[in-house]
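In what follows, a single structure is set out as C-alpha cells and then discussed.
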Amino acid sequence: MKAIFNNEIINDMEFSIAVEDRAFQYGDGIFETIIVRESTSKLIKYHYQRLKEGATALNFQIPPYFDIQFLESSILKLIRENDIKKAARIKVMAWRKKGGYYTPESQASNIFIRANTHHEEKEILKNVGISKTIRNHPTPYSQYKTLNSLKYVIASIEKEKSGFDDMIILNEKDQVSELLYSNIFWIKNNIYYTPSLETGCIKGVMRSYLIDRLEVKGLYIREVNIVPEDLLKADYVFATNASGIRHIFEIANNRFKINPGLSDINIL
C-alpha cells in the first residue's frame, strides 16, 4: 500500500524508523483516524483542529506545509493510489523528530499518513460493561489521541475476556468518562448529556460535531460529571466516534430503548 511520509509518497511495507525514533522510544506523538466515505468527510476540520491542538499540548510543531488543504489532497491521493473503492480509513500520525532522552532536542515533527479500506462497525452495542482495571485521569493532553494507548489496549483485553461488546471507562473519581473507542452520550427527558472533558475523556471529533449540530438545531446538550448509577437512569444511550453513531442496548444488565430519531440530527 502507498503511504505519505513527510510529504513524499512511499511504499508502507518498506517504511521503517530508527531505534532512536521518539515514537518508538517514548510514544512521543499523536494520531487521528479519519473515516472517508465517497471521497469526503464532514469531520475533517475537526480532525485537523484536534491534531494541531494536540501538537501544541505536547509542545511540538506541525510542519508548515501541513494545512487542511494538504491533508485533504493527501487523503484523496492515497485513496486513488491504493484503489480504495469503498469507505476509507485514514490514519494520520505526527511525532517529534529523534533526539534527546526524556528532554527533546527538537520541536520539529514527522508526519505519516496511511489509507486502508474501512469496515463498518456494529450499529448496536448489545452488552456494555464497566472496566475494573483501567481509570482515566485528566491531564493537559488527555483529550488527545497520543501514541501511547496502553490503557485502551489493557481495557480491550479485559473486554474480550469478559465477553462485552464495549466497556465504559471511569475516571479516578468513579465518574463515567468514555468507552474504549468512542465517546458516550445519553438522553433523559429530551435533554442530551455527555461526560465533560474534566473526566479525562478523549475530545472526540464526532463528539464536537454532534455538540455543534445539537446547538444549531436548538436542542439541549449538557457536559456533566456523573457516576454510573445516574447514567443507568437514562432513556437512551449511544456511542459516537469518527465512524458515526452506535446505539447501546444494555449496560450492566440495565436495558435501554433504541432511539431511531437520532438520524434526524443529520449527523453524516
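Residue numbering restarts at 1 for every chain of the C-alpha cells, chains are lettered A, B, ... in their displayed order, and ligands are numbered from 1 as they appear.
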Item checked: Test item, helix (DSSP H, G or I) assignment across stretch 29-268 of chain A, answer as a PyMOL selection string -> chain A and resi 44-57+68-81+150-162+197-199+205-216+228-231+260-265
Margin query: Report as a PyMOL selection string all protein, DNA and RNA residues lying within 7 Å of A:His247, evaluated on only C-alpha atoms, omitting residues in the same chain fewer than 4 positions from it.
Written below: chain A and resi 123-125+237-239+258
Write the residues you've just listed into a file as a compact mmCIF listing (two decimals), in the first residue's frame, and include all heavy atoms for each of them.
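Written output follows (part_25.txt):
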# COMPACT_ATOMS: atom_id res chain seq x y z
N GLU A 123 -24.04 -1.51 14.40
CA GLU A 123 -24.91 -0.37 14.68
C GLU A 123 -25.42 -0.38 16.12
O GLU A 123 -25.81 0.66 16.65
CB GLU A 123 -26.10 -0.36 13.72
CG GLU A 123 -25.71 -0.07 12.28
CD GLU A 123 -26.92 0.07 11.37
OE1 GLU A 123 -28.06 0.01 11.90
OE2 GLU A 123 -26.74 0.25 10.16
N ILE A 124 -25.44 -1.55 16.75
CA ILE A 124 -25.94 -1.67 18.12
C ILE A 124 -24.91 -2.39 18.99
O ILE A 124 -24.40 -3.45 18.61
CB ILE A 124 -27.28 -2.43 18.17
CG1 ILE A 124 -28.35 -1.66 17.40
CG2 ILE A 124 -27.73 -2.66 19.61
CD1 ILE A 124 -29.70 -2.37 17.34
N LEU A 125 -24.59 -1.79 20.12
CA LEU A 125 -23.76 -2.45 21.13
C LEU A 125 -24.71 -3.13 22.11
O LEU A 125 -25.38 -2.47 22.90
CB LEU A 125 -22.88 -1.41 21.85
CG LEU A 125 -21.84 -0.71 20.97
CD1 LEU A 125 -21.22 0.46 21.71
CD2 LEU A 125 -20.76 -1.69 20.54
N VAL A 237 -29.09 5.59 25.35
CA VAL A 237 -27.64 5.75 25.47
C VAL A 237 -27.03 5.39 24.12
O VAL A 237 -27.45 4.41 23.48
CB VAL A 237 -27.05 4.86 26.57
CG1 VAL A 237 -25.58 5.18 26.79
CG2 VAL A 237 -27.82 5.02 27.87
N PHE A 238 -26.04 6.16 23.69
CA PHE A 238 -25.39 5.83 22.41
C PHE A 238 -23.93 6.26 22.42
O PHE A 238 -23.50 7.06 23.26
CB PHE A 238 -26.14 6.46 21.23
CG PHE A 238 -26.26 7.97 21.27
CD1 PHE A 238 -25.38 8.77 20.57
CD2 PHE A 238 -27.29 8.58 21.98
CE1 PHE A 238 -25.50 10.15 20.59
CE2 PHE A 238 -27.43 9.96 22.00
CZ PHE A 238 -26.52 10.75 21.30
N ALA A 239 -23.18 5.66 21.51
CA ALA A 239 -21.74 5.90 21.38
C ALA A 239 -21.46 6.66 20.10
O ALA A 239 -22.14 6.46 19.09
CB ALA A 239 -21.00 4.57 21.38
N ILE A 258 -33.98 1.85 21.96
CA ILE A 258 -33.21 2.30 20.80
C ILE A 258 -33.94 3.49 20.20
O ILE A 258 -35.14 3.42 19.92
CB ILE A 258 -33.08 1.17 19.75
CG1 ILE A 258 -32.39 -0.05 20.38
CG2 ILE A 258 -32.32 1.66 18.53
CD1 ILE A 258 -31.01 0.21 20.91
Notebook entry, point to check: Excluding same-chain residues fewer than 2 positions from stretch 148-160 of chain A, what lies within 10 Å of it counting only C-alpha atoms, as number ranges by chain?
Noted result: A: 23-24, 26-30, 128-136, 145-146, 162-169, 179-181
Kindly provide the residues of stretch 19-125 of chain A that approach stretch 197-213 of chain A to within 7 Å, each paired with its closest atom pair and their distance in Å to one decimal, based on only C-alpha atoms, listed by chain and increasing number, as JSON lines.
{"residue": "A:Leu43", "atom": "CA", "partner": "A:Val205", "partner_atom": "CA", "distance": 6.6}
{"residue": "A:Tyr46", "atom": "CA", "partner": "A:Val205", "partner_atom": "CA", "distance": 5.5}
{"residue": "A:His47", "atom": "CA", "partner": "A:Val205", "partner_atom": "CA", "distance": 6.2}
Next item on the list: Can you work out the spacing between atom CA of A:Asn110 and atom CA of A:Met93 in Å, to one decimal?
Entry: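 Straight-line distance from atom CA of A:Asn110 to atom CA of A:Met93 works out to 7.9 Å.
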Checklist line | Test item: residues at most 12 Å from A:Leu71, only C-alpha atoms, excluding those fewer than 6 positions along its chain, as an MDAnalysis selection string | finding: chainID A and resid 4 6:7 32 34 40:41 44:45 47:49 51 63 65 77:78 90:93 111:114
